[in-house]
Every structure is written in structure tokens, then in C-alpha cells.
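Asker: Following this message is one structure expressed as C-alpha cells.
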Amino acid sequence: MKRRKLANIIMVILILTIGAAGLLTTGFIRGWFDRGDGVATLTELRGVVTVRRDGVAYPVELNTILRRGDVLVTSPRASACIHFGESFLALNEKSELRVEAPAQTEAALTLATGEAFCQVAEEHPMALTLGEGQPLTLADAAAFASVRSGARSLSVYAGEALWGETGATAGQMLSWTGDARSVEEA
């Protein structure tokens with residue numbers, strides 16, 4: 001009788017431990033325990049926007065805190081706005097954005113495909129990679145980025161965007177087709 005009671009107690013403890021571990025794992029992946037200090041946060045959502053985090057994809061919710069390695073994907077007719085400090089990036093439909101570094105002082109993002117508008121404050125600069133390659137540096141600037149099959153562009157509306165030693169100022173557009181790169185008046 002005592003053995004059966006002891007076995008039942010052990011079984012209950014194991015079931016509770018497994019349940020708690022499952023809850024904590026889900027909470028960690030979904031970001032239930034993240035703090036909002038100095039990180040990128042989803043402040044606006046429209047339509048279906050998913051995040052791939054740690055190998056798990058799920059629909060995001062408003063005020064989700066983004067982590068390094070997160071991949072945001074917007075479906076058709078969907079959009080998302082990410083704030084980090086005084087800067088923000090608005091992601092258009094059918095876009096994919098990878099968070100390389102979500103820190104408030106210097107965000108690093110990769111727009112794999114799609115379109116995004118960024119308004120970047122001087123005190124919160126952004127390194128934005130379009131597709132593959134060297135990141136663009138934006139600080140105190142407003143720009144529209146586009147990555148479509150074989151072509152990438154960044155139209156600068158205010159401030160300056162630097163790509164290595166090449167720069168574009170307000171009214172100019174950086175564009176790449178294959179390996180060819182150019183700066184043109186917009």
C-alpha cells in the first residue's frame with residue numbers, strides 16, 4: 001500500500017514537472033517573459049503576420065518583443081510596424097525581415113524580400129541589409145527599401161544612407177541589379 005501511494009506521488013510530481021516545463025518552453029519561445037527595455041517591438045499589425053523563432057512559426061501579437069534571429073513574414077494584404085527607440089520600420093505585404101540585432105541603440109535588420117519604409121532617428125541608427133551583402137547604414141534618415149527577384153533598391157527621402165563608401169542623399173536612389181550598383185536621382 002505504501003509503495004502504491006509513493007508511486008502515485010512520484011507520478012503526480014513528474015506530470016506537474018512535465019507540464020511546467022512545457023509551459024515555460026512555450027512562454028520562452030512566444031516571448032511571454034521578455035522585457036521591453038532597449039529592444040525592437042511590434043507596435044502595429046494588420047492581417048496575418050508570423051514570426052519564426054527557434055524553429056517554430058506562429059502568428060505574432062501586438063507588442064511582441066523581437067529577438068536576434070527572429071524572422072517576420074507578412075502575408076498578402078498584411079503589414080507590421082517595428083519600433084526601436086525613436087526609429088521605426090514599416091513592413092509591407094509579402095515581405096520577409098530577419099532581426100540580426102534588435103538593440104535600441106543600433107538595430108540590424110535584413111530585408112530578404114518585399115518592401116519596407118524606415119524612419120531612422122539619429123540616436124537610434126539602423127544597419128539594413130537588402131537581400132544579401134553589405135548592410136546600408138541609416139541614421140537621421142527616411143527611406144523606402146525594396147527587394148524583389150534580382151533587383152534591390154533604396155530610395156532616400158531625407159538624410160543619408162551609406163553603403164560602404166557609396167552614399168545616397170535625399171532625392172537619390174541606390175539600386176542593384178545582379179552585381180551592378182548605381183546611384184540615381186529619384
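Naming works like this for the C-alpha cells: A, B, ... for the chains as they're shown, residue 1 at the start of each chain, ligands 1 onward in shown order.
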Using only C-alpha atoms, determine which residues lie at most 10 Å from Pro59 in chain A, disregarding the query and same-chain residues fewer than 4 positions distant; provide the list as a PyMOL selection string.

Answerer: chain A and resi 30+47-52+72-74

Asker: Residues of the last selection are to be written out with C-alpha atoms, as a short mmCIF file (atom, residue, chain, number, x, y, z; two decimals), in the first residue's frame.

Answerer:
```
data_model
loop_
_atom_site.label_atom_id
_atom_site.label_comp_id
_atom_site.auth_asym_id
_atom_site.auth_seq_id
_atom_site.Cartn_x
_atom_site.Cartn_y
_atom_site.Cartn_z
CA ARG A 30 6.46 33.09 -27.52
CA GLY A 47 -3.53 40.98 -41.38
CA VAL A 48 -1.62 37.77 -40.76
CA VAL A 49 1.99 38.30 -39.68
CA THR A 50 4.04 35.34 -38.49
CA VAL A 51 7.38 35.05 -36.74
CA ARG A 52 9.80 32.15 -36.99
CA LEU A 72 8.93 38.19 -39.60
CA VAL A 73 6.79 37.22 -42.59
CA THR A 74 3.82 39.27 -43.78
#
```

Asker: Contacts of Phe117 in chain A at 7 Å or less, counting only C-alpha atoms, minus same-chain residues fewer than 5 places along, as a list in words?

Answerer: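 The neighbour list is Leu89, Ala90, Leu91, Ala143, Phe144 and Ala145 of chain A.
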
Asker: Can those selected residues be exported to a file as a PDB file, in the first residue's frame so that it contains C-alpha atoms?

Answerer:
```
ATOM      1  CA  LEU A  89      10.333  50.269 -39.836  1.00  0.00           C
ATOM      2  CA  ALA A  90       7.002  49.589 -41.570  1.00  0.00           C
ATOM      3  CA  LEU A  91       6.987  46.229 -43.346  1.00  0.00           C
ATOM      4  CA  ALA A 143      13.950  55.707 -46.877  1.00  0.00           C
ATOM      5  CA  PHE A 144      11.948  53.117 -48.792  1.00  0.00           C
ATOM      6  CA  ALA A 145      13.600  49.733 -49.409  1.00  0.00           C
TER       7      ALA A 145
END
```

Asker: I need the residue nearest Val99 in chain A from this list: A:Thr137, A:Thr129, A:Thr177, A:Ser149. Use only C-alpha atoms for the distance.

Answerer: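 Among A:Thr137, A:Thr129, A:Thr177, A:Ser149, it is A:Thr129 that comes nearest to Val99 in chain A.
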
Asker: Just list as a ChimeraX atom specification whatever in range 20-127 of chain A DSSP marks as strand (DSSP E or B).

Answerer: /A:41-46,49-53,56-59,65,71-74,79-84,87-91,96-101,107-120,126-127

Asker: Could you check how far CA of Ala21 in chain A sits from CA of Ile9 in chain A, in Å to one decimal?

Answerer: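 For CA of Ala21 in chain A relative to CA of Ile9 in chain A, the distance reads 18.3 Å.
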
Asker: Quick one: residues within 6 Å of Met173 in chain A, only C-alpha atoms counted, chain neighbours fewer than 2 positions away excluded, as a list in words?

Answerer: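 After dropping sequence-adjacent residues, the list is Leu154, Ser155, Val183, Glu184 and Ala186 of chain A.
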
Asker: If you keep C-alpha atoms, can you produce a file of those selected residues as a compact mmCIF listing (two decimals), in the first residue's frame?

Answerer:
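Everything below was put into again29.txt:
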```txt
# COMPACT_ATOMS: atom_id res chain seq x y z
CA LEU A 154 16.68 52.08 -51.55
CA SER A 155 15.02 55.46 -52.20
CA VAL A 183 23.09 55.89 -57.58
CA GLU A 184 20.43 57.85 -59.46
CA ALA A 186 14.78 59.64 -57.85
```

Asker: For Val156 in chain A, which residue out of A:Gln134, A:Thr17, A:Ser182, A:Gln119 is the nearest one, using only C-alpha atoms?

Answerer: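 Closest to Val156 in chain A, using only C-alpha atoms: A:Gln119.
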